[in-house]
Amino acid sequence: MATAIEASRRSMSDAEWAARQQLAACYRIFARQGWDELIYNHITLRVPGEDNAFLINPYGLHYREICASNLVKIDIDGTVLDGSPYPVNKAGFTQHSVFHRHLPDAHCIIHTHTTAGMAVSATQEGLMPTNFYAAAFHGQIAYHAFEGITIRPEEGVRLIESLGNKRTMMLRNHGTLVMAETLPAAFFRHWALQRACEIQVATGAAGTPALIPDAVIAVHQRDMAGVQLPGGQGAADFAAMVRMLERDETDWKE
C-alpha cells in the first residue's frame with residue numbers, strides 16, 4: 001500500500017498533492033457532519049495550475065474511505081487522467097462539469113442531498129429570511145426546476161441560465177449546490193446554507209416563521225464582512241475542522 005501511495009505521490013506536483021489532501025479532508029469532514037449520502041453526491045476541485053483537470057471522489061467508495069491518493073483526476077468531460085482503477089459517476093459530474101467549464105471562478109463545487117437541504121428545496125417558498133444564516137443568503141440564491149436525474153447534457157444550458165450571477169443554488173426537489181474560488185470558501189458556504197435550512201425546518205415545526213425585514217437584512221449582510229478572519233472566507237473555519245479531524249484519523253492524508 002505504501003509503495004503504491006509513494007508512486008502516486010511522485011507522479012504529481014506538490015500543488016496537486018496538497019489539493020488532494022485538502023479535498024480528502026473535506027470528504028471526511030462531510031461524513032462526520034452527516035452530510036454524506038451512501039456513495040453518492042460530489043465535491044469537486046480544480047487541480048491548481050491545470051485549468052481542465054479536476055479531482056472527484058471514486059464512485060463506489062463512502063466518504064469515510066476517501067484519501068488523497070484514491071481521489072480520481074479527470075478532465076472536463078469526465079475522462080480519467082491518472083490511470084485510477086475507480087470509476088467516476090459521470091451522471092453526477094455532468095452537473096459539475098457545466099459550471100467548471102463556464103465559470104472561471106468555480107474552482108470548488110459541492111452538491112449534497114442532506115435532509116434539511118432537500119426539504120427546503122422541495123418547498124414553494126424555498127429558503128426564507130427567518131433566521132441569522134438565511135438572512136445572509138437572501139437575494140443570493142438561484143433556483144433550478146427539477147428535471148430528473150442530471151445525466152442529459154442539454155440541461156446544462158438551463159442550469160447556467162438558472163444560476164445567473166449567483167454562486168449558490170437550490171435544485172428544486174433535489175438538494176443544494178454551492179461553488180466558490182476556494183475549497184474553504186465553498187465549505188463555509190455549504191455549512192451556512194445547511195444551518196439555514198436546518199433552522200428553517202425546525203422553525204416550521206415550532207410555530208409561524210417571522211420574516212426579517214429587508215432593511216435589517218441589508219445591514220446584516222453589510223456587517224457580515226466585518227467579522228471575517230484573515231485568509232479568506234472559510235479559511236479559519238475549515239482549518240479548525242481539519243484539526244478536529246486529525247485528532248481521530250490521519251489516513252485521509254495518504
# chains A, B, ... in the order shown; residues from 1 in each chain; ligands from 1

$ residues_around --residues "Ser84 (chain A)" --least-positions-apart "2" --cutoff "9 Å" --atoms "only C-alpha atoms" --output "short mmCIF file (atom, residue, chain, number, x, y, z; two decimals) with N, CA, C and O atoms, in the first residue's frame"
data_model
loop_
_atom_site.label_atom_id
_atom_site.label_comp_id
_atom_site.auth_asym_id
_atom_site.auth_seq_id
_atom_site.Cartn_x
_atom_site.Cartn_y
_atom_site.Cartn_z
N PRO A 58 -13.97 8.73 -5.90
CA PRO A 58 -14.12 7.46 -6.63
C PRO A 58 -15.54 6.94 -6.45
O PRO A 58 -16.03 6.83 -5.32
N ASN A 70 -6.55 8.13 -3.52
CA ASN A 70 -7.58 7.44 -4.31
C ASN A 70 -8.60 8.39 -4.94
O ASN A 70 -9.52 7.95 -5.64
N LEU A 71 -8.45 9.69 -4.73
CA LEU A 71 -9.25 10.64 -5.48
C LEU A 71 -8.92 10.48 -6.96
O LEU A 71 -7.79 10.17 -7.32
N VAL A 72 -9.90 10.69 -7.82
CA VAL A 72 -9.71 10.48 -9.25
C VAL A 72 -9.52 11.81 -9.96
O VAL A 72 -10.29 12.76 -9.76
N LYS A 73 -8.49 11.87 -10.80
CA LYS A 73 -8.21 13.07 -11.60
C LYS A 73 -8.86 12.90 -12.96
O LYS A 73 -8.59 11.92 -13.66
N VAL A 80 -10.88 9.88 -17.17
CA VAL A 80 -9.86 9.68 -16.14
C VAL A 80 -8.48 10.00 -16.71
O VAL A 80 -8.10 9.51 -17.78
N LEU A 81 -7.71 10.80 -15.97
CA LEU A 81 -6.39 11.24 -16.42
C LEU A 81 -5.24 10.57 -15.70
O LEU A 81 -4.10 10.61 -16.18
N ASP A 82 -5.50 9.99 -14.53
CA ASP A 82 -4.40 9.49 -13.70
C ASP A 82 -4.32 7.97 -13.63
O ASP A 82 -3.61 7.41 -12.79
N TYR A 86 -10.63 3.29 -10.26
CA TYR A 86 -12.00 3.54 -9.82
C TYR A 86 -12.81 4.22 -10.92
O TYR A 86 -12.30 5.07 -11.66
N PRO A 87 -14.09 3.90 -11.02
CA PRO A 87 -14.97 4.59 -11.98
C PRO A 87 -15.38 5.96 -11.44
O PRO A 87 -15.18 6.26 -10.26
#

$ residues_around --residues "Gly204 (chain A)" --least-positions-apart "3" --cutoff "12 Å" --atoms "only C-alpha atoms" --output "ChimeraX atom specification"
/A:116,119-120,123,127-128,130-131,197-201,207-210

$ write_last_selection --atoms "N, CA and C atoms" --output "PDB file, in the first residue's frame"
ATOM      1  N   ALA A 116     -32.287  18.389   5.460  1.00  0.00           N
ATOM      2  CA  ALA A 116     -32.761  19.770   5.567  1.00  0.00           C
ATOM      3  C   ALA A 116     -32.671  20.489   4.230  1.00  0.00           C
ATOM      4  N   ALA A 119     -35.379  19.169   1.960  1.00  0.00           N
ATOM      5  CA  ALA A 119     -36.701  19.581   2.436  1.00  0.00           C
ATOM      6  C   ALA A 119     -37.006  21.015   2.015  1.00  0.00           C
ATOM      7  N   VAL A 120     -36.052  21.909   2.234  1.00  0.00           N
ATOM      8  CA  VAL A 120     -36.265  23.314   1.872  1.00  0.00           C
ATOM      9  C   VAL A 120     -36.356  23.468   0.357  1.00  0.00           C
ATOM     10  N   THR A 123     -39.883  23.002  -1.070  1.00  0.00           N
ATOM     11  CA  THR A 123     -40.984  23.884  -0.690  1.00  0.00           C
ATOM     12  C   THR A 123     -41.177  24.983  -1.731  1.00  0.00           C
ATOM     13  N   LEU A 127     -35.761  28.962   0.503  1.00  0.00           N
ATOM     14  CA  LEU A 127     -35.155  29.454   1.740  1.00  0.00           C
ATOM     15  C   LEU A 127     -35.741  30.815   2.090  1.00  0.00           C
ATOM     16  N   MET A 128     -36.307  30.910   3.265  1.00  0.00           N
ATOM     17  CA  MET A 128     -36.948  32.154   3.699  1.00  0.00           C
ATOM     18  C   MET A 128     -36.047  32.907   4.683  1.00  0.00           C
ATOM     19  N   THR A 130     -35.737  33.964   7.692  1.00  0.00           N
ATOM     20  CA  THR A 130     -36.330  33.890   9.032  1.00  0.00           C
ATOM     21  C   THR A 130     -35.299  33.623  10.120  1.00  0.00           C
ATOM     22  N   ASN A 131     -34.016  33.508   9.733  1.00  0.00           N
ATOM     23  CA  ASN A 131     -33.001  33.274  10.763  1.00  0.00           C
ATOM     24  C   ASN A 131     -31.679  33.922  10.354  1.00  0.00           C
ATOM     25  N   CYS A 197     -31.018  25.979   6.478  1.00  0.00           N
ATOM     26  CA  CYS A 197     -32.093  25.030   6.151  1.00  0.00           C
ATOM     27  C   CYS A 197     -32.552  24.262   7.383  1.00  0.00           C
ATOM     28  N   GLU A 198     -31.617  23.816   8.206  1.00  0.00           N
ATOM     29  CA  GLU A 198     -31.962  23.090   9.426  1.00  0.00           C
ATOM     30  C   GLU A 198     -32.842  23.938  10.336  1.00  0.00           C
ATOM     31  N   ILE A 199     -32.450  25.196  10.492  1.00  0.00           N
ATOM     32  CA  ILE A 199     -33.201  26.085  11.380  1.00  0.00           C
ATOM     33  C   ILE A 199     -34.575  26.388  10.801  1.00  0.00           C
ATOM     34  N   GLN A 200     -34.663  26.533   9.476  1.00  0.00           N
ATOM     35  CA  GLN A 200     -35.963  26.783   8.855  1.00  0.00           C
ATOM     36  C   GLN A 200     -36.902  25.606   9.086  1.00  0.00           C
ATOM     37  N   VAL A 201     -36.396  24.392   8.922  1.00  0.00           N
ATOM     38  CA  VAL A 201     -37.229  23.208   9.147  1.00  0.00           C
ATOM     39  C   VAL A 201     -37.688  23.159  10.607  1.00  0.00           C
ATOM     40  N   GLY A 207     -43.534  26.814  15.097  1.00  0.00           N
ATOM     41  CA  GLY A 207     -44.604  27.807  15.034  1.00  0.00           C
ATOM     42  C   GLY A 207     -44.601  28.534  13.710  1.00  0.00           C
ATOM     43  N   THR A 208     -45.166  29.737  13.703  1.00  0.00           N
ATOM     44  CA  THR A 208     -45.244  30.534  12.484  1.00  0.00           C
ATOM     45  C   THR A 208     -43.954  31.320  12.297  1.00  0.00           C
ATOM     46  N   PRO A 209     -43.233  31.131  11.184  1.00  0.00           N
ATOM     47  CA  PRO A 209     -41.968  31.848  10.973  1.00  0.00           C
ATOM     48  C   PRO A 209     -42.181  33.357  10.885  1.00  0.00           C
ATOM     49  N   ALA A 210     -41.245  34.110  11.465  1.00  0.00           N
ATOM     50  CA  ALA A 210     -41.279  35.572  11.404  1.00  0.00           C
ATOM     51  C   ALA A 210     -40.221  36.033  10.412  1.00  0.00           C
TER      52      ALA A 210
END

$ select_by_dssp --residues "region 55-146 of chain A" --states "alpha helix (DSSP H)" --output "PDB file with all heavy atoms, in the first residue's frame"
ATOM      1  N   LYS A  90     -20.369   9.669 -13.840  1.00  0.00           N
ATOM      2  CA  LYS A  90     -20.487  10.720 -14.845  1.00  0.00           C
ATOM      3  C   LYS A  90     -21.840  11.419 -14.784  1.00  0.00           C
ATOM      4  O   LYS A  90     -21.969  12.573 -15.182  1.00  0.00           O
ATOM      5  CB  LYS A  90     -20.230  10.155 -16.243  1.00  0.00           C
ATOM      6  CG  LYS A  90     -18.771   9.778 -16.465  1.00  0.00           C
ATOM      7  CD  LYS A  90     -18.480   9.455 -17.911  1.00  0.00           C
ATOM      8  CE  LYS A  90     -16.995   9.164 -18.096  1.00  0.00           C
ATOM      9  NZ  LYS A  90     -16.635   8.898 -19.525  1.00  0.00           N
ATOM     10  N   ALA A  91     -22.856  10.711 -14.285  1.00  0.00           N
ATOM     11  CA  ALA A  91     -24.162  11.351 -14.134  1.00  0.00           C
ATOM     12  C   ALA A  91     -24.055  12.521 -13.168  1.00  0.00           C
ATOM     13  O   ALA A  91     -24.628  13.592 -13.394  1.00  0.00           O
ATOM     14  CB  ALA A  91     -25.185  10.342 -13.624  1.00  0.00           C
ATOM     15  N   GLY A  92     -23.298  12.338 -12.098  1.00  0.00           N
ATOM     16  CA  GLY A  92     -23.118  13.411 -11.135  1.00  0.00           C
ATOM     17  C   GLY A  92     -22.211  14.499 -11.657  1.00  0.00           C
ATOM     18  O   GLY A  92     -22.440  15.690 -11.432  1.00  0.00           O
ATOM     19  N   PHE A  93     -21.163  14.101 -12.391  1.00  0.00           N
ATOM     20  CA  PHE A  93     -20.219  15.105 -12.873  1.00  0.00           C
ATOM     21  C   PHE A  93     -20.796  15.933 -14.014  1.00  0.00           C
ATOM     22  O   PHE A  93     -20.305  17.029 -14.297  1.00  0.00           O
ATOM     23  CB  PHE A  93     -18.908  14.456 -13.317  1.00  0.00           C
ATOM     24  CG  PHE A  93     -17.824  15.462 -13.610  1.00  0.00           C
ATOM     25  CD1 PHE A  93     -17.325  16.280 -12.603  1.00  0.00           C
ATOM     26  CD2 PHE A  93     -17.325  15.612 -14.893  1.00  0.00           C
ATOM     27  CE1 PHE A  93     -16.348  17.225 -12.860  1.00  0.00           C
ATOM     28  CE2 PHE A  93     -16.328  16.548 -15.164  1.00  0.00           C
ATOM     29  CZ  PHE A  93     -15.846  17.352 -14.144  1.00  0.00           C
ATOM     30  N   THR A  94     -21.851  15.453 -14.664  1.00  0.00           N
ATOM     31  CA  THR A  94     -22.489  16.235 -15.724  1.00  0.00           C
ATOM     32  C   THR A  94     -22.857  17.618 -15.223  1.00  0.00           C
ATOM     33  O   THR A  94     -22.614  18.627 -15.888  1.00  0.00           O
ATOM     34  CB  THR A  94     -23.759  15.510 -16.236  1.00  0.00           C
ATOM     35  OG1 THR A  94     -23.384  14.271 -16.826  1.00  0.00           O
ATOM     36  CG2 THR A  94     -24.506  16.369 -17.250  1.00  0.00           C
ATOM     37  N   GLN A  95     -23.429  17.653 -14.030  1.00  0.00           N
ATOM     38  CA  GLN A  95     -23.829  18.920 -13.423  1.00  0.00           C
ATOM     39  C   GLN A  95     -22.615  19.773 -13.092  1.00  0.00           C
ATOM     40  O   GLN A  95     -22.550  20.958 -13.438  1.00  0.00           O
ATOM     41  CB  GLN A  95     -24.645  18.626 -12.163  1.00  0.00           C
ATOM     42  CG  GLN A  95     -25.107  19.832 -11.380  1.00  0.00           C
ATOM     43  CD  GLN A  95     -25.638  19.402 -10.020  1.00  0.00           C
ATOM     44  OE1 GLN A  95     -24.921  19.433  -9.027  1.00  0.00           O
ATOM     45  NE2 GLN A  95     -26.885  18.954  -9.982  1.00  0.00           N
ATOM     46  N   HIS A  96     -21.627  19.170 -12.441  1.00  0.00           N
ATOM     47  CA  HIS A  96     -20.440  19.920 -12.027  1.00  0.00           C
ATOM     48  C   HIS A  96     -19.663  20.442 -13.227  1.00  0.00           C
ATOM     49  O   HIS A  96     -19.159  21.566 -13.212  1.00  0.00           O
ATOM     50  CB  HIS A  96     -19.527  19.032 -11.177  1.00  0.00           C
ATOM     51  CG  HIS A  96     -20.051  18.789  -9.801  1.00  0.00           C
ATOM     52  ND1 HIS A  96     -19.292  18.987  -8.660  1.00  0.00           N
ATOM     53  CD2 HIS A  96     -21.264  18.361  -9.357  1.00  0.00           C
ATOM     54  CE1 HIS A  96     -20.006  18.690  -7.599  1.00  0.00           C
ATOM     55  NE2 HIS A  96     -21.204  18.304  -7.998  1.00  0.00           N
ATOM     56  N   SER A  97     -19.536  19.610 -14.273  1.00  0.00           N
ATOM     57  CA  SER A  97     -18.712  19.998 -15.420  1.00  0.00           C
ATOM     58  C   SER A  97     -19.257  21.240 -16.111  1.00  0.00           C
ATOM     59  O   SER A  97     -18.486  22.044 -16.648  1.00  0.00           O
ATOM     60  CB  SER A  97     -18.624  18.842 -16.417  1.00  0.00           C
ATOM     61  OG  SER A  97     -19.879  18.551 -16.996  1.00  0.00           O
ATOM     62  N   VAL A  98     -20.569  21.408 -16.093  1.00  0.00           N
ATOM     63  CA  VAL A  98     -21.167  22.598 -16.717  1.00  0.00           C
ATOM     64  C   VAL A  98     -20.643  23.862 -16.062  1.00  0.00           C
ATOM     65  O   VAL A  98     -20.235  24.817 -16.736  1.00  0.00           O
ATOM     66  CB  VAL A  98     -22.707  22.548 -16.604  1.00  0.00           C
ATOM     67  CG1 VAL A  98     -23.321  23.888 -16.986  1.00  0.00           C
ATOM     68  CG2 VAL A  98     -23.269  21.449 -17.475  1.00  0.00           C
ATOM     69  N   PHE A  99     -20.626  23.873 -14.739  1.00  0.00           N
ATOM     70  CA  PHE A  99     -20.181  25.069 -14.025  1.00  0.00           C
ATOM     71  C   PHE A  99     -18.660  25.232 -14.092  1.00  0.00           C
ATOM     72  O   PHE A  99     -18.164  26.347 -14.260  1.00  0.00           O
ATOM     73  CB  PHE A  99     -20.668  25.009 -12.576  1.00  0.00           C
ATOM     74  CG  PHE A  99     -22.160  24.944 -12.458  1.00  0.00           C
ATOM     75  CD1 PHE A  99     -22.793  23.826 -11.943  1.00  0.00           C
ATOM     76  CD2 PHE A  99     -22.954  25.996 -12.895  1.00  0.00           C
ATOM     77  CE1 PHE A  99     -24.172  23.756 -11.858  1.00  0.00           C
ATOM     78  CE2 PHE A  99     -24.339  25.945 -12.820  1.00  0.00           C
ATOM     79  CZ  PHE A  99     -24.945  24.820 -12.299  1.00  0.00           C
ATOM     80  N   HIS A 100     -17.926  24.132 -13.948  1.00  0.00           N
ATOM     81  CA  HIS A 100     -16.475  24.219 -14.078  1.00  0.00           C
ATOM     82  C   HIS A 100     -16.082  24.734 -15.465  1.00  0.00           C
ATOM     83  O   HIS A 100     -15.122  25.494 -15.607  1.00  0.00           O
ATOM     84  CB  HIS A 100     -15.837  22.847 -13.854  1.00  0.00           C
ATOM     85  CG  HIS A 100     -15.692  22.446 -12.421  1.00  0.00           C
ATOM     86  ND1 HIS A 100     -15.083  23.247 -11.475  1.00  0.00           N
ATOM     87  CD2 HIS A 100     -16.064  21.308 -11.765  1.00  0.00           C
ATOM     88  CE1 HIS A 100     -15.077  22.632 -10.314  1.00  0.00           C
ATOM     89  NE2 HIS A 100     -15.671  21.450 -10.454  1.00  0.00           N
ATOM     90  N   ARG A 101     -16.820  24.333 -16.484  1.00  0.00           N
ATOM     91  CA  ARG A 101     -16.483  24.697 -17.865  1.00  0.00           C
ATOM     92  C   ARG A 101     -16.758  26.178 -18.144  1.00  0.00           C
ATOM     93  O   ARG A 101     -15.978  26.854 -18.818  1.00  0.00           O
ATOM     94  CB  ARG A 101     -17.293  23.847 -18.841  1.00  0.00           C
ATOM     95  CG  ARG A 101     -16.890  24.017 -20.305  1.00  0.00           C
ATOM     96  CD  ARG A 101     -17.867  23.264 -21.226  1.00  0.00           C
ATOM     97  NE  ARG A 101     -17.907  21.839 -20.974  1.00  0.00           N
ATOM     98  CZ  ARG A 101     -17.097  20.947 -21.548  1.00  0.00           C
ATOM     99  NH1 ARG A 101     -16.177  21.351 -22.390  1.00  0.00           N
ATOM    100  NH2 ARG A 101     -17.223  19.655 -21.262  1.00  0.00           N
ATOM    101  N   HIS A 102     -17.869  26.678 -17.619  1.00  0.00           N
ATOM    102  CA  HIS A 102     -18.310  28.021 -17.987  1.00  0.00           C
ATOM    103  C   HIS A 102     -18.024  29.111 -16.953  1.00  0.00           C
ATOM    104  O   HIS A 102     -18.158  30.305 -17.277  1.00  0.00           O
ATOM    105  CB  HIS A 102     -19.810  27.997 -18.287  1.00  0.00           C
ATOM    106  CG  HIS A 102     -20.170  27.155 -19.470  1.00  0.00           C
ATOM    107  ND1 HIS A 102     -19.907  27.534 -20.768  1.00  0.00           N
ATOM    108  CD2 HIS A 102     -20.752  25.924 -19.554  1.00  0.00           C
ATOM    109  CE1 HIS A 102     -20.317  26.604 -21.601  1.00  0.00           C
ATOM    110  NE2 HIS A 102     -20.838  25.609 -20.897  1.00  0.00           N
ATOM    111  N   THR A 115     -30.973  16.061   4.458  1.00  0.00           N
ATOM    112  CA  THR A 115     -32.422  16.082   4.702  1.00  0.00           C
ATOM    113  C   THR A 115     -32.953  17.509   4.726  1.00  0.00           C
ATOM    114  O   THR A 115     -33.957  17.822   4.073  1.00  0.00           O
ATOM    115  CB  THR A 115     -32.735  15.379   6.039  1.00  0.00           C
ATOM    116  OG1 THR A 115     -32.302  14.017   5.960  1.00  0.00           O
ATOM    117  CG2 THR A 115     -34.235  15.425   6.329  1.00  0.00           C
ATOM    118  N   ALA A 116     -32.287  18.389   5.460  1.00  0.00           N
ATOM    119  CA  ALA A 116     -32.761  19.770   5.567  1.00  0.00           C
ATOM    120  C   ALA A 116     -32.671  20.489   4.230  1.00  0.00           C
ATOM    121  O   ALA A 116     -33.593  21.228   3.841  1.00  0.00           O
ATOM    122  CB  ALA A 116     -31.964  20.518   6.626  1.00  0.00           C
ATOM    123  N   GLY A 117     -31.580  20.285   3.501  1.00  0.00           N
ATOM    124  CA  GLY A 117     -31.416  20.945   2.216  1.00  0.00           C
ATOM    125  C   GLY A 117     -32.459  20.489   1.207  1.00  0.00           C
ATOM    126  O   GLY A 117     -33.054  21.291   0.480  1.00  0.00           O
ATOM    127  N   MET A 118     -32.720  19.177   1.172  1.00  0.00           N
ATOM    128  CA  MET A 118     -33.725  18.661   0.252  1.00  0.00           C
ATOM    129  C   MET A 118     -35.122  19.106   0.657  1.00  0.00           C
ATOM    130  O   MET A 118     -35.964  19.392  -0.201  1.00  0.00           O
ATOM    131  CB  MET A 118     -33.649  17.135   0.182  1.00  0.00           C
ATOM    132  CG  MET A 118     -32.400  16.612  -0.506  1.00  0.00           C
ATOM    133  SD  MET A 118     -32.445  14.821  -0.813  1.00  0.00           S
ATOM    134  CE  MET A 118     -33.544  14.756  -2.242  1.00  0.00           C
ATOM    135  N   ALA A 119     -35.379  19.169   1.960  1.00  0.00           N
ATOM    136  CA  ALA A 119     -36.701  19.581   2.436  1.00  0.00           C
ATOM    137  C   ALA A 119     -37.006  21.015   2.015  1.00  0.00           C
ATOM    138  O   ALA A 119     -38.081  21.315   1.492  1.00  0.00           O
ATOM    139  CB  ALA A 119     -36.785  19.439   3.947  1.00  0.00           C
ATOM    140  N   VAL A 120     -36.052  21.909   2.234  1.00  0.00           N
ATOM    141  CA  VAL A 120     -36.265  23.314   1.872  1.00  0.00           C
ATOM    142  C   VAL A 120     -36.356  23.468   0.357  1.00  0.00           C
ATOM    143  O   VAL A 120     -37.160  24.248  -0.155  1.00  0.00           O
ATOM    144  CB  VAL A 120     -35.155  24.206   2.458  1.00  0.00           C
ATOM    145  CG1 VAL A 120     -35.267  25.639   1.936  1.00  0.00           C
ATOM    146  CG2 VAL A 120     -35.226  24.208   3.982  1.00  0.00           C
ATOM    147  N   SER A 121     -35.555  22.702  -0.376  1.00  0.00           N
ATOM    148  CA  SER A 121     -35.594  22.798  -1.841  1.00  0.00           C
ATOM    149  C   SER A 121     -36.930  22.319  -2.401  1.00  0.00           C
ATOM    150  O   SER A 121     -37.295  22.662  -3.526  1.00  0.00           O
ATOM    151  CB  SER A 121     -34.454  21.968  -2.463  1.00  0.00           C
ATOM    152  OG  SER A 121     -34.749  20.579  -2.462  1.00  0.00           O
ATOM    153  N   PHE A 132     -30.756  33.958  11.283  1.00  0.00           N
ATOM    154  CA  PHE A 132     -29.449  34.599  11.117  1.00  0.00           C
ATOM    155  C   PHE A 132     -28.759  34.169   9.831  1.00  0.00           C
ATOM    156  O   PHE A 132     -28.277  35.002   9.056  1.00  0.00           O
ATOM    157  CB  PHE A 132     -28.595  34.237  12.338  1.00  0.00           C
ATOM    158  CG  PHE A 132     -27.208  34.819  12.344  1.00  0.00           C
ATOM    159  CD1 PHE A 132     -26.942  35.985  13.053  1.00  0.00           C
ATOM    160  CD2 PHE A 132     -26.168  34.196  11.675  1.00  0.00           C
ATOM    161  CE1 PHE A 132     -25.659  36.519  13.081  1.00  0.00           C
ATOM    162  CE2 PHE A 132     -24.887  34.720  11.693  1.00  0.00           C
ATOM    163  CZ  PHE A 132     -24.632  35.884  12.398  1.00  0.00           C
ATOM    164  N   TYR A 133     -28.684  32.868   9.583  1.00  0.00           N
ATOM    165  CA  TYR A 133     -27.955  32.359   8.420  1.00  0.00           C
ATOM    166  C   TYR A 133     -28.724  32.595   7.124  1.00  0.00           C
ATOM    167  O   TYR A 133     -28.140  32.965   6.100  1.00  0.00           O
ATOM    168  CB  TYR A 133     -27.654  30.864   8.601  1.00  0.00           C
ATOM    169  CG  TYR A 133     -26.743  30.618   9.776  1.00  0.00           C
ATOM    170  CD1 TYR A 133     -27.217  30.029  10.946  1.00  0.00           C
ATOM    171  CD2 TYR A 133     -25.402  30.999   9.736  1.00  0.00           C
ATOM    172  CE1 TYR A 133     -26.384  29.822  12.028  1.00  0.00           C
ATOM    173  CE2 TYR A 133     -24.561  30.800  10.816  1.00  0.00           C
ATOM    174  CZ  TYR A 133     -25.060  30.206  11.961  1.00  0.00           C
ATOM    175  OH  TYR A 133     -24.226  30.014  13.037  1.00  0.00           O
ATOM    176  N   ALA A 134     -30.028  32.393   7.162  1.00  0.00           N
ATOM    177  CA  ALA A 134     -30.835  32.591   5.958  1.00  0.00           C
ATOM    178  C   ALA A 134     -30.798  34.049   5.504  1.00  0.00           C
ATOM    179  O   ALA A 134     -30.814  34.329   4.301  1.00  0.00           O
ATOM    180  CB  ALA A 134     -32.270  32.148   6.213  1.00  0.00           C
ATOM    181  N   ALA A 135     -30.742  34.964   6.458  1.00  0.00           N
ATOM    182  CA  ALA A 135     -30.695  36.392   6.107  1.00  0.00           C
ATOM    183  C   ALA A 135     -29.441  36.717   5.303  1.00  0.00           C
ATOM    184  O   ALA A 135     -29.465  37.580   4.414  1.00  0.00           O
ATOM    185  CB  ALA A 135     -30.749  37.250   7.371  1.00  0.00           C
ATOM    186  N   ALA A 136     -28.342  36.021   5.584  1.00  0.00           N
ATOM    187  CA  ALA A 136     -27.092  36.255   4.858  1.00  0.00           C
ATOM    188  C   ALA A 136     -27.195  35.794   3.402  1.00  0.00           C
ATOM    189  O   ALA A 136     -26.472  36.293   2.535  1.00  0.00           O
ATOM    190  CB  ALA A 136     -25.945  35.540   5.559  1.00  0.00           C
ATOM    191  N   PHE A 137     -28.104  34.853   3.111  1.00  0.00           N
ATOM    192  CA  PHE A 137     -28.271  34.332   1.752  1.00  0.00           C
ATOM    193  C   PHE A 137     -29.386  35.034   0.976  1.00  0.00           C
ATOM    194  O   PHE A 137     -29.525  34.799  -0.224  1.00  0.00           O
ATOM    195  CB  PHE A 137     -28.602  32.835   1.802  1.00  0.00           C
ATOM    196  CG  PHE A 137     -27.420  31.953   2.071  1.00  0.00           C
ATOM    197  CD1 PHE A 137     -27.217  31.412   3.333  1.00  0.00           C
ATOM    198  CD2 PHE A 137     -26.516  31.660   1.062  1.00  0.00           C
ATOM    199  CE1 PHE A 137     -26.120  30.586   3.587  1.00  0.00           C
ATOM    200  CE2 PHE A 137     -25.421  30.840   1.300  1.00  0.00           C
ATOM    201  CZ  PHE A 137     -25.219  30.303   2.565  1.00  0.00           C
TER     202      PHE A 137
END

$ closest_atom_pairs --of "region 174-254 of chain A" --to "region 44-53 of chain A" --cutoff "10 Å" --atoms "only C-alpha atoms" --output "JSON lines"
{"residue": "A:Met179", "atom": "CA", "partner": "A:Thr44", "partner_atom": "CA", "distance": 9.5}
{"residue": "A:Ala180", "atom": "CA", "partner": "A:Leu45", "partner_atom": "CA", "distance": 9.9}
{"residue": "A:Glu181", "atom": "CA", "partner": "A:Arg46", "partner_atom": "CA", "distance": 9.5}
{"residue": "A:Thr182", "atom": "CA", "partner": "A:Leu45", "partner_atom": "CA", "distance": 8.4}
{"residue": "A:Leu183", "atom": "CA", "partner": "A:Leu45", "partner_atom": "CA", "distance": 7.2}

$ select_by_dssp --residues "region 118-160 of chain A" --states "strand (DSSP E)" --output "list of chain:residue names"
A:Ile141, A:Ala142, A:Tyr143, A:His144

$ write_last_selection --atoms "N, CA, C and O atoms" --output "mmCIF file, in the first residue's frame"
data_model
loop_
_atom_site.group_PDB
_atom_site.id
_atom_site.type_symbol
_atom_site.label_atom_id
_atom_site.label_comp_id
_atom_site.auth_asym_id
_atom_site.auth_seq_id
_atom_site.Cartn_x
_atom_site.Cartn_y
_atom_site.Cartn_z
ATOM 1 N N ILE A 141 -29.516 33.487 -3.730
ATOM 2 C CA ILE A 141 -29.731 32.082 -4.076
ATOM 3 C C ILE A 141 -30.517 31.966 -5.379
ATOM 4 O O ILE A 141 -31.553 32.621 -5.563
ATOM 5 N N ALA A 142 -30.008 31.132 -6.275
ATOM 6 C CA ALA A 142 -30.700 30.832 -7.524
ATOM 7 C C ALA A 142 -31.524 29.557 -7.337
ATOM 8 O O ALA A 142 -31.252 28.754 -6.436
ATOM 9 N N TYR A 143 -32.519 29.361 -8.192
ATOM 10 C CA TYR A 143 -33.366 28.172 -8.134
ATOM 11 C C TYR A 143 -33.451 27.545 -9.524
ATOM 12 O O TYR A 143 -33.539 28.250 -10.533
ATOM 13 N N HIS A 144 -33.405 26.220 -9.541
ATOM 14 C CA HIS A 144 -33.492 25.492 -10.809
ATOM 15 C C HIS A 144 -34.542 24.397 -10.670
ATOM 16 O O HIS A 144 -34.505 23.598 -9.732
#
